[in-house]
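**Student:** If it helps, the file is called input30.txt and holds compact mmCIF, C-alpha atoms:
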```
# COMPACT_ATOMS: atom_id res chain seq x y z
CA MET M 15 -124.75 -7.49 -120.88
CA ASN M 16 -124.40 -9.97 -123.71
CA ALA M 17 -125.72 -7.70 -126.45
CA GLN M 18 -127.07 -4.25 -127.07
CA LEU M 19 -130.73 -3.84 -126.32
CA PRO M 20 -132.93 -3.95 -129.42
CA MET M 21 -134.49 -0.77 -130.67
CA LEU M 22 -138.20 -0.97 -129.92
CA ASP M 23 -140.68 1.19 -131.81
CA THR M 24 -142.89 2.89 -129.23
CA SER M 25 -143.80 5.89 -131.36
CA ASP M 26 -146.93 4.45 -132.97
CA LYS M 27 -149.43 7.26 -132.70
CA SER M 28 -152.28 4.82 -133.17
CA ARG M 29 -151.50 3.61 -129.66
CA ALA M 30 -151.60 7.11 -128.24
CA ASP M 31 -154.79 8.68 -126.99
CA ALA M 32 -155.55 11.63 -129.27
CA GLY M 33 -158.20 14.17 -128.32
CA ASP M 34 -160.73 15.84 -130.62
CA HIS M 35 -158.06 18.21 -131.90
CA GLY M 36 -155.44 15.51 -132.51
CA ARG M 37 -153.53 16.29 -129.34
CA VAL M 38 -151.57 13.38 -127.92
CA ASP M 39 -152.23 12.65 -124.25
CA THR M 40 -149.04 13.86 -122.59
CA GLY M 41 -149.96 11.85 -119.50
CA SER M 42 -149.14 8.54 -121.18
CA ARG M 43 -146.34 7.03 -123.24
CA PRO M 44 -146.73 4.03 -125.55
CA LEU M 45 -144.86 0.92 -124.46
CA PRO M 46 -143.99 -2.25 -126.36
CA THR M 47 -146.41 -5.09 -125.81
CA PRO M 48 -145.14 -8.20 -124.02
CA ALA M 49 -145.26 -10.03 -127.35
CA GLU M 50 -143.08 -7.37 -129.00
CA LEU M 51 -140.52 -7.47 -126.21
CA ARG M 52 -140.44 -11.27 -126.16
CA SER M 53 -139.91 -11.24 -129.92
CA SER M 54 -137.04 -8.77 -129.60
CA LEU M 55 -135.45 -10.67 -126.70
CA PRO M 56 -136.45 -14.31 -127.32
CA LEU M 57 -135.49 -17.49 -125.51
CA ASP M 58 -133.80 -20.13 -127.60
CA THR M 59 -134.66 -23.80 -127.24
CA ALA M 60 -131.72 -24.55 -124.96
CA LEU M 61 -132.57 -21.74 -122.55
CA ARG M 62 -136.25 -22.69 -122.47
CA SER M 63 -135.22 -26.22 -121.53
CA ARG M 64 -132.87 -24.90 -118.85
CA ILE M 65 -135.60 -22.74 -117.28
CA THR M 66 -138.00 -25.68 -117.32
CA ALA M 67 -135.40 -27.75 -115.48
CA GLN M 68 -134.84 -24.93 -112.97
CA ARG M 69 -138.56 -24.77 -112.23
CA GLN M 70 -138.69 -28.52 -111.80
CA ALA M 71 -135.81 -28.36 -109.33
CA VAL M 72 -137.64 -25.76 -107.22
CA ARG M 73 -140.85 -27.82 -107.33
CA ALA M 74 -139.00 -30.96 -106.27
CA ILE M 75 -137.79 -29.22 -103.10
CA LEU M 76 -141.28 -27.91 -102.33
CA ASP M 77 -142.76 -31.37 -102.88
CA GLY M 78 -140.19 -33.05 -100.64
CA ARG M 79 -138.67 -35.05 -103.50
CA ASP M 80 -135.36 -33.20 -103.13
CA ASP M 81 -133.95 -32.71 -99.62
CA ARG M 82 -131.83 -29.70 -100.52
CA MET M 83 -132.66 -26.27 -99.11
CA LEU M 84 -133.93 -23.53 -101.42
CA VAL M 85 -132.01 -20.25 -101.03
CA VAL M 86 -133.32 -17.11 -102.76
CA VAL M 87 -130.40 -14.72 -102.49
CA GLY M 88 -129.27 -11.49 -104.09
CA PRO M 89 -129.58 -7.71 -103.99
CA CYS M 90 -132.59 -6.11 -102.36
CA SER M 91 -133.14 -4.50 -105.76
CA ILE M 92 -131.26 -4.28 -109.04
CA HIS M 93 -130.21 -0.81 -110.16
CA ASP M 94 -126.94 -1.53 -112.00
CA PRO M 95 -127.07 -4.40 -114.54
CA LYS M 96 -123.27 -4.56 -114.74
CA ALA M 97 -122.93 -5.11 -110.99
CA ALA M 98 -125.85 -7.55 -111.08
CA LEU M 99 -124.12 -9.67 -113.71
CA GLU M 100 -120.88 -9.67 -111.73
CA TYR M 101 -122.87 -10.80 -108.70
CA ALA M 102 -124.57 -13.50 -110.79
CA GLU M 103 -121.23 -14.84 -112.03
CA ARG M 104 -119.98 -15.13 -108.44
CA LEU M 105 -123.23 -16.77 -107.34
CA ALA M 106 -123.09 -19.27 -110.20
CA ALA M 107 -119.60 -20.32 -109.09
CA LEU M 108 -120.79 -20.65 -105.48
CA ALA M 109 -123.78 -22.70 -106.64
CA GLU M 110 -121.37 -25.24 -108.09
CA ARG M 111 -119.69 -25.64 -104.69
CA VAL M 112 -122.82 -25.91 -102.54
CA GLY M 113 -125.28 -27.34 -105.06
CA ASP M 114 -125.39 -30.76 -103.43
CA ARG M 115 -127.12 -29.25 -100.37
CA LEU M 116 -128.44 -25.83 -101.47
CA LEU M 117 -130.33 -24.74 -104.58
CA LEU M 118 -129.33 -21.11 -105.09
CA VAL M 119 -131.86 -18.86 -106.86
CA MET M 120 -130.89 -15.27 -107.61
CA ARG M 121 -133.07 -12.36 -106.58
CA VAL M 122 -133.54 -10.18 -109.66
CA TYR M 123 -135.96 -7.65 -108.21
CA VAL M 124 -136.74 -5.01 -110.84
CA GLU M 125 -139.85 -3.60 -109.12
CA LYS M 126 -139.89 -2.14 -105.63
CA PRO M 127 -142.98 -1.45 -103.51
CA ARG M 128 -143.19 2.02 -102.03
CA THR M 129 -145.01 2.93 -98.83
CA THR M 130 -145.38 6.49 -100.15
CA VAL M 131 -143.07 7.56 -102.97
CA GLY M 132 -139.56 6.78 -104.14
CA TRP M 133 -137.58 4.92 -106.79
CA LYS M 134 -139.78 2.10 -108.08
CA GLY M 135 -137.13 -0.10 -109.63
CA LEU M 136 -135.13 -0.83 -112.75
CA ALA M 137 -138.21 -1.65 -114.82
CA TYR M 138 -139.65 1.79 -114.13
CA ASP M 139 -136.73 4.19 -113.89
CA PRO M 140 -133.59 2.53 -115.29
CA HIS M 141 -131.67 5.82 -115.55
CA LEU M 142 -132.25 6.55 -111.82
CA ASP M 143 -133.15 10.16 -112.61
CA GLY M 144 -136.93 10.28 -112.54
CA SER M 145 -137.22 10.13 -116.33
CA ASP M 146 -139.18 6.86 -115.99
CA ASP M 147 -138.09 5.37 -119.31
CA MET M 148 -140.19 2.25 -118.84
CA ALA M 149 -139.75 0.98 -122.40
CA HIS M 150 -136.01 0.79 -121.82
CA GLY M 151 -136.46 -0.45 -118.25
CA LEU M 152 -138.65 -3.37 -119.26
CA ALA M 153 -136.24 -4.36 -122.04
CA LEU M 154 -133.26 -4.01 -119.71
CA SER M 155 -134.99 -6.11 -117.05
CA ARG M 156 -135.85 -8.87 -119.48
CA GLN M 157 -132.36 -8.98 -120.97
CA LEU M 158 -130.73 -9.07 -117.53
CA MET M 159 -132.95 -11.94 -116.40
CA ARG M 160 -132.21 -13.77 -119.65
CA ASP M 161 -128.45 -13.35 -119.19
CA ILE M 162 -128.61 -14.55 -115.57
CA ALA M 163 -130.71 -17.60 -116.47
CA ALA M 164 -128.19 -18.40 -119.21
CA LEU M 165 -125.46 -18.60 -116.54
CA GLY M 166 -127.36 -21.53 -115.05
CA LEU M 167 -128.94 -19.60 -112.17
CA PRO M 168 -132.68 -19.85 -111.53
CA VAL M 169 -134.23 -16.36 -111.48
CA ALA M 170 -136.58 -14.97 -108.81
CA THR M 171 -138.45 -11.70 -108.58
CA GLU M 172 -141.34 -10.07 -106.73
CA LEU M 173 -144.50 -9.67 -108.80
CA LEU M 174 -145.68 -6.19 -107.96
CA GLN M 175 -147.51 -4.78 -111.00
CA PRO M 176 -149.53 -7.57 -112.67
CA LEU M 177 -149.23 -5.90 -116.09
CA ALA M 178 -145.43 -6.10 -115.85
CA ALA M 179 -145.36 -9.84 -115.20
CA ALA M 180 -146.00 -10.82 -118.83
CA TYR M 181 -142.76 -9.12 -119.89
CA PHE M 182 -140.57 -11.62 -118.05
CA ASP M 183 -142.62 -14.39 -116.38
CA ASP M 184 -141.31 -16.93 -118.90
CA LEU M 185 -137.86 -16.47 -117.30
CA LEU M 186 -138.84 -17.06 -113.68
CA ALA M 187 -138.22 -20.16 -111.60
CA TRP M 188 -139.66 -18.63 -108.40
CA ALA M 189 -141.66 -15.52 -107.55
CA ALA M 190 -142.78 -13.70 -104.43
CA ILE M 191 -146.00 -11.89 -103.65
CA GLY M 192 -145.15 -9.26 -101.06
CA ALA M 193 -146.71 -8.60 -97.67
CA ARG M 194 -148.66 -5.60 -98.97
CA THR M 195 -150.13 -7.46 -101.96
CA THR M 196 -150.73 -10.96 -100.57
CA GLU M 197 -154.30 -9.94 -99.79
CA SER M 198 -154.89 -8.73 -103.37
CA GLN M 199 -157.28 -10.85 -105.40
CA ILE M 200 -155.53 -9.74 -108.61
CA HIS M 201 -152.18 -11.08 -107.39
CA ARG M 202 -153.74 -14.34 -106.29
CA GLU M 203 -155.25 -14.76 -109.76
CA LEU M 204 -151.90 -13.91 -111.32
CA ALA M 205 -150.13 -16.52 -109.19
CA SER M 206 -152.71 -19.15 -110.11
CA GLY M 207 -151.59 -18.98 -113.74
CA MET M 208 -147.83 -18.93 -113.14
CA GLU M 209 -145.56 -21.77 -114.19
CA ALA M 210 -143.05 -20.69 -111.54
CA ALA M 211 -143.51 -21.54 -107.87
CA VAL M 212 -144.90 -18.61 -105.88
CA GLY M 213 -144.32 -17.71 -102.24
CA PHE M 214 -146.85 -15.54 -100.40
CA LYS M 215 -145.48 -13.45 -97.55
CA ASN M 216 -147.35 -13.02 -94.29
CA GLY M 217 -148.98 -9.66 -93.66
CA THR M 218 -147.05 -6.66 -92.37
CA ASP M 219 -148.63 -7.27 -88.94
CA GLY M 220 -147.02 -10.70 -88.82
CA GLY M 221 -150.29 -12.60 -89.21
CA ILE M 222 -150.28 -15.56 -91.56
CA GLU M 223 -154.03 -15.83 -92.17
CA VAL M 224 -154.01 -13.69 -95.32
CA ALA M 225 -151.10 -15.69 -96.73
CA ILE M 226 -152.91 -18.97 -96.09
CA ALA M 227 -156.01 -17.62 -97.81
CA ALA M 228 -153.83 -16.49 -100.72
CA ILE M 229 -152.19 -19.91 -101.05
CA ARG M 230 -155.58 -21.60 -101.15
CA ALA M 231 -156.93 -19.13 -103.71
CA ALA M 232 -153.90 -19.39 -106.00
CA MET M 233 -154.03 -23.18 -105.97
CA HIS M 234 -157.43 -23.06 -107.66
CA ALA M 235 -158.31 -22.33 -111.27
CA HIS M 236 -159.66 -18.87 -112.06
CA ARG M 237 -161.29 -16.93 -114.85
CA HIS M 238 -160.32 -13.30 -114.62
CA LEU M 239 -159.87 -10.08 -116.56
CA ALA M 240 -156.36 -9.71 -117.98
CA ILE M 241 -154.30 -8.28 -120.82
CA ASP M 242 -152.85 -10.76 -123.30
CA HIS M 243 -149.33 -10.63 -124.77
CA ASN M 244 -150.58 -8.49 -127.64
CA GLY M 245 -152.05 -5.88 -125.31
CA ARG M 246 -155.69 -6.89 -125.74
CA PRO M 247 -158.17 -7.28 -122.85
CA VAL M 248 -159.08 -10.94 -122.41
CA MET M 249 -160.81 -13.30 -120.02
CA ARG M 250 -157.95 -15.47 -118.85
CA GLU M 251 -158.46 -19.00 -117.59
CA THR M 252 -155.80 -20.27 -115.18
CA HIS M 253 -155.08 -23.83 -114.14
CA GLY M 254 -154.20 -23.16 -110.50
CA ASN M 255 -150.69 -23.26 -109.08
CA PRO M 256 -149.93 -26.30 -106.88
CA HIS M 257 -146.56 -24.87 -105.80
CA THR M 258 -147.64 -21.86 -103.77
CA HIS M 259 -146.27 -21.67 -100.25
CA LEU M 260 -145.82 -19.52 -97.14
CA VAL M 261 -142.97 -17.03 -96.62
CA LEU M 262 -142.45 -15.84 -93.05
CA ARG M 263 -141.01 -12.31 -92.92
CA GLY M 264 -141.98 -11.19 -89.41
CA GLY M 265 -144.18 -8.21 -88.69
CA HIS M 266 -144.20 -4.92 -86.79
CA ASP M 267 -140.50 -5.43 -86.05
CA ARG M 268 -141.20 -8.81 -84.42
CA PRO M 269 -139.57 -11.93 -85.88
CA ASN M 270 -141.54 -15.07 -86.65
CA HIS M 271 -138.73 -17.43 -87.62
CA ASP M 272 -138.36 -18.95 -84.14
CA ALA M 273 -139.36 -22.55 -83.48
CA GLY M 274 -142.62 -21.58 -81.76
CA SER M 275 -143.73 -19.37 -84.64
CA VAL M 276 -142.76 -21.99 -87.21
CA ARG M 277 -144.63 -24.66 -85.26
CA ALA M 278 -147.76 -22.46 -85.15
CA SER M 279 -147.48 -21.76 -88.89
CA ARG M 280 -147.07 -25.44 -89.63
CA LYS M 281 -150.21 -26.25 -87.64
CA ALA M 282 -152.20 -23.46 -89.32
CA LEU M 283 -151.24 -24.77 -92.75
CA SER M 284 -152.18 -28.32 -91.77
CA ASP M 285 -155.50 -27.18 -90.30
CA ALA M 286 -156.24 -25.47 -93.63
CA GLY M 287 -155.52 -28.69 -95.50
CA LEU M 288 -152.32 -27.31 -97.03
CA ALA M 289 -148.86 -28.81 -97.31
CA ALA M 290 -146.53 -27.60 -94.58
CA ARG M 291 -143.83 -25.92 -96.68
CA ILE M 292 -142.36 -22.76 -95.24
CA MET M 293 -139.69 -20.35 -96.39
CA VAL M 294 -138.16 -17.79 -94.02
CA ASP M 295 -137.21 -14.32 -95.20
CA CYS M 296 -134.08 -13.59 -93.18
CA SER M 297 -134.47 -9.84 -93.73
CA HIS M 298 -137.24 -7.34 -92.87
CA ALA M 299 -138.79 -7.81 -89.43
CA ASN M 300 -137.10 -11.18 -88.93
CA SER M 301 -133.75 -9.39 -88.80
CA ARG M 302 -135.31 -6.40 -87.02
CA LYS M 303 -134.26 -4.41 -90.10
CA ASP M 304 -130.57 -4.97 -89.30
CA HIS M 305 -129.05 -6.59 -92.37
CA ARG M 306 -126.21 -8.12 -90.37
CA ARG M 307 -128.66 -10.18 -88.31
CA GLN M 308 -129.73 -12.13 -91.39
CA ALA M 309 -126.94 -14.56 -90.58
CA GLU M 310 -128.45 -15.22 -87.13
CA VAL M 311 -131.84 -15.90 -88.69
CA LEU M 312 -130.41 -18.33 -91.25
CA LEU M 313 -128.47 -20.22 -88.59
CA ASP M 314 -131.59 -20.47 -86.42
CA VAL M 315 -133.63 -21.83 -89.33
CA LEU M 316 -130.83 -24.24 -90.16
CA ALA M 317 -130.75 -25.50 -86.56
CA GLN M 318 -134.50 -26.14 -86.65
CA ARG M 319 -134.16 -28.02 -89.91
CA LEU M 320 -131.26 -30.10 -88.61
CA ALA M 321 -133.39 -30.92 -85.56
CA GLY M 322 -135.92 -32.52 -87.91
CA ASP M 323 -138.29 -29.77 -89.08
CA ASP M 324 -138.49 -30.55 -92.78
CA SER M 325 -141.32 -28.05 -93.29
CA LEU M 326 -138.59 -25.39 -93.50
CA VAL M 327 -137.83 -25.70 -97.19
CA GLY M 328 -135.98 -22.45 -97.84
CA VAL M 329 -134.71 -19.01 -96.91
CA MET M 330 -134.37 -15.59 -98.49
CA ILE M 331 -131.28 -13.40 -98.02
CA GLU M 332 -130.57 -9.84 -99.18
CA CYS M 333 -126.94 -9.64 -100.29
CA ASN M 334 -124.98 -7.42 -102.67
CA LEU M 335 -121.37 -7.19 -103.80
CA HIS M 336 -120.68 -4.82 -100.91
CA GLU M 337 -122.36 -4.41 -97.54
CA GLY M 338 -124.86 -1.74 -96.54
CA LYS M 339 -126.83 0.76 -98.56
CA GLN M 340 -126.41 4.24 -100.02
CA PRO M 341 -128.67 7.16 -100.94
CA LEU M 342 -129.81 7.41 -104.54
CA ASN M 343 -127.43 9.92 -106.09
CA PRO M 344 -126.89 9.00 -109.76
CA THR M 345 -123.72 11.08 -110.00
CA ALA M 346 -121.98 9.50 -106.99
CA LEU M 347 -123.04 5.87 -106.63
CA ARG M 348 -120.69 3.30 -105.12
CA TYR M 349 -120.44 0.17 -107.25
CA GLY M 350 -122.23 -2.89 -105.92
CA VAL M 351 -123.97 -1.17 -102.99
CA SER M 352 -127.76 -1.25 -102.56
CA ILE M 353 -129.86 1.89 -103.03
CA THR M 354 -132.86 0.38 -101.22
CA ASP M 355 -132.57 -1.91 -98.17
CA ALA M 356 -129.16 -2.56 -96.65
CA CYS M 357 -127.62 -5.88 -97.70
CA LEU M 358 -124.98 -8.29 -96.50
CA GLY M 359 -121.73 -8.15 -98.46
CA TRP M 360 -120.62 -10.91 -100.81
CA GLU M 361 -117.84 -12.39 -98.68
CA ALA M 362 -120.02 -12.71 -95.57
CA THR M 363 -122.84 -14.30 -97.54
CA ALA M 364 -120.63 -16.75 -99.42
CA ASP M 365 -119.03 -17.85 -96.14
CA LEU M 366 -122.46 -18.21 -94.53
CA LEU M 367 -123.79 -20.39 -97.35
CA GLU M 368 -120.64 -22.51 -97.42
CA ARG M 369 -121.08 -23.14 -93.69
CA ALA M 370 -124.77 -23.94 -94.15
CA ALA M 371 -124.01 -26.47 -96.88
CA GLU M 372 -121.36 -28.11 -94.70
CA ARG M 373 -123.75 -28.48 -91.77
CA LEU M 374 -126.37 -30.03 -94.02
CA ARG M 375 -123.78 -32.48 -95.36
CA ASP M 376 -122.94 -33.51 -91.80
CA ARG M 377 -126.60 -34.46 -91.28
CA GLN M 378 -126.47 -37.07 -94.03
```
Show me this structure written as structure tokens.

**Tutor:**
Amino acid sequence: MNAQLPMLDTSDKSRADAGDHGRVDTGSRPLPTPAELRSSLPLDTALRSRITAQRQAVRAILDGRDDRMLVVVGPCSIHDPKAALEYAERLAALAERVGDRLLLVMRVYVEKPRTTVGWKGLAYDPHLDGSDDMAHGLALSRQLMRDIAALGLPVATELLQPLAAAYFDDLLAWAAIGARTTESQIHRELASGMEAAVGFKNGTDGGIEVAIAAIRAAMHAHRHLAIDHNGRPVMRETHGNPHTHLVLRGGHDRPNHDAGSVRASRKALSDAGLAARIMVDCSHANSRKDHRRQAEVLLDVLAQRLAGDDSLVGVMIECNLHEGKQPLNPTALRYGVSITDACLGWEATADLLERAAERLRDRQ
């Protein structure tokens, strides 16, 4: 990391819930407000301008003003900031080589959805030991995103807990709403106020109806209950997000990246009066949960695009420094290997993206 994390004062007893006898509620721990964390880890003018330009580049692809392909690529989740920065440095160098045909955006996923229980991500448990030092995790997540954006890479994440978004949404160029939360009204309202483009994934059953409803909802202005940057409840007014779009991730172990599924999705979007802009998640059910098959999915999407389907604006790929995954054992972790979903390794992914860029150049 570029600098030591700032010391944040989270000991203010006035923010703790004291009972009649002055006992502090041991079920809660004070956290810094978003405003406090942003003040401790600010964005300078140059970085603000860079992030604005990154967002504009993503929007241009979604609007069809830029014929490059959007590629959201990186670890399934971030658990080691050092390895994440090494990955980011490699990705920034690759972006220079393929940037004429591909806009690379790094996955910096610091929250992880859980079907039941498990490690919830860097923002929640940065020490990987169940201590759940969220104050440190939020600061670590913000600093990591800031360092990656400063390398020139647009930053992407999944917005899981709406309260967490305010800690780092000023750093994002693109965000995902996952399959389990696409139907959530709260997440649709959150997306409607985002400056970053937002992709809604289809439901876990593979159906795209909930994602289409989410896109329509997030495009509109809302007034909703929220917490401001100073931690106060407010009624927030949003302007609506014109750069929401569909992300196909398959469902029930059945892919939906094939030409027939894409054609049906394109028609459903058109019938709903929405722009036909589709991203394909090469992982999850589209790869039948085999990380190595992500390459097949990307090449299939690329073939469809080269055949003239310009509705396919982007892809997502899960890749780490090294292939595969490992169990969460803080005392014996292999460097650069995922602790959540299995990922492609760096060399395979870099070669894949180089080949994709070359094929897109040949189309010109």

**Student:** Within 9 Å of Gly359 (chain M), counting all atoms listed in the file, which residues show up once you throw out same-chain ones fewer than 3 positions away? Write them as a list in words, please.

**Tutor:**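 In the requested format, the answer is Cys333, Asn334, Leu335, His336, Glu337, Gly338, Val351, Ala362, Thr363 and Ala364 of chain M.
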
**Student:** Name the closest residue to Leu313 (chain M) among the candidates M:Val329, M:Ala109, M:Cys90, M:Leu117; distances are taken between atoms, counting all atoms listed in the file.

**Tutor:**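 Selected residue with least distance to Leu313 (chain M): M:Val329.
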
**Student:** Would you list the contacts of Gly135 (chain M) as a PDB file with C-alpha atoms, keeping the file's coordinate frame, taking every protein, DNA or RNA residue within 6 Å and counting only C-alpha atoms, but skipping same-chain residues closer than 3 positions in sequence?

**Tutor:**
```
ATOM      1  CA  VAL M 124    -136.740  -5.010-110.840  1.00  0.00           C
ATOM      2  CA  GLU M 125    -139.850  -3.600-109.120  1.00  0.00           C
ATOM      3  CA  LYS M 126    -139.890  -2.140-105.630  1.00  0.00           C
ATOM      4  CA  TYR M 138    -139.650   1.790-114.130  1.00  0.00           C
TER       5      TYR M 138
END
```

**Student:** So that I can see what lies close to Ser91 (chain M), please list as a list in words the residues with an atom at most 10 Å from it, counting all atoms listed in the file and leaving out residues fewer than 5 positions away in the same chain.

**Tutor:**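 Returned residues: Ala98, Arg121, Val122, Tyr123, Val124, Glu125, Lys126, Lys134, Gly135, Leu136, Thr171, Glu172, Glu332, Cys333, Asn334, Ser352, Ile353, Thr354, Asp355 and Cys357 of chain M.
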
**Student:** Using only C-alpha atoms, which residues sit within 6 Å of Gln308 (chain M) once same-chain residues fewer than 3 positions away are excluded, as a list of chain:residue names?

**Tutor:**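 The residues satisfying every condition are M:Cys296, M:Ser297, M:Ser301, M:His305, M:Val311.
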
**Student:** Excluding Val261 (chain M) and residues on its chain fewer than 2 positions from it, collect all residues at most 6 Å away from it, counting all atoms listed in the file, and give them as a PyMOL selection string.

**Tutor:** chain M and resi 213-215+292-294

**Student:** Kindly provide, as a list in words, the polymer residues lying within 8 Å of (-142.3, -6.5, -125.0), counting only C-alpha atoms and using the coordinates exactly as they appear in the file.

**Tutor:**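 Residues with an atom at most 8 Å from (-142.3, -6.5, -125.0): Leu45, Pro46, Thr47, Pro48, Ala49, Glu50, Leu51, Arg52, Ser53, Ser54, Leu152, Ala153 and Tyr181 of chain M.
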
**Student:** Given the choices M:Tyr349, M:Arg128, M:Pro247, M:Ala137, which gets closest to Ala97 (chain M) if the distance is worked out from all atoms listed in the file?

**Tutor:**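 Looking only at the distances to Ala97 (chain M), the closest residue turns out to be M:Tyr349.
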
**Student:** Distance CA of Ala74 (chain M)-CA of Trp188 (chain M), one decimal place?

**Tutor:**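 Between CA of Ala74 (chain M) and CA of Trp188 (chain M) the gap is 12.5 Å.
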
**Student:** Can you work out the spacing between CA of Ala371 (chain M) and CA of Ala106 (chain M) in Å, to one decimal?

**Tutor:**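 Those two atoms sit 15.2 Å apart.
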
**Student:** Mind giving me the straight-line distance from CA of Ala232 (chain M) to CA of Leu186 (chain M) in Å, one decimal?

**Tutor:**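 Pair CA of Ala232 (chain M) / CA of Leu186 (chain M) returns 17.1 Å.
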
**Student:** Rank nothing, just name the residue among M:Ile162, M:Leu367, M:Leu204, M:Ala278 nearest to Leu177 (chain M), using all atoms listed in the file.

**Tutor:** M:Leu204

**Student:** Find, counting only C-alpha atoms, the residue in M:His236, M:Arg319, M:Arg230, M:Arg250 that gets nearest to Ala273 (chain M).

**Tutor:**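 Checking each of M:His236, M:Arg319, M:Arg230, M:Arg250 against Ala273 (chain M), counting only C-alpha atoms, the winner is M:Arg319.
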
**Student:** Using all atoms listed in the file for the distances, tell me which of M:Leu342, M:Leu165, M:Val112, M:Ala282 is nearest to Gly144 (chain M).

**Tutor:**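 Nearest to Gly144 (chain M): M:Leu342.
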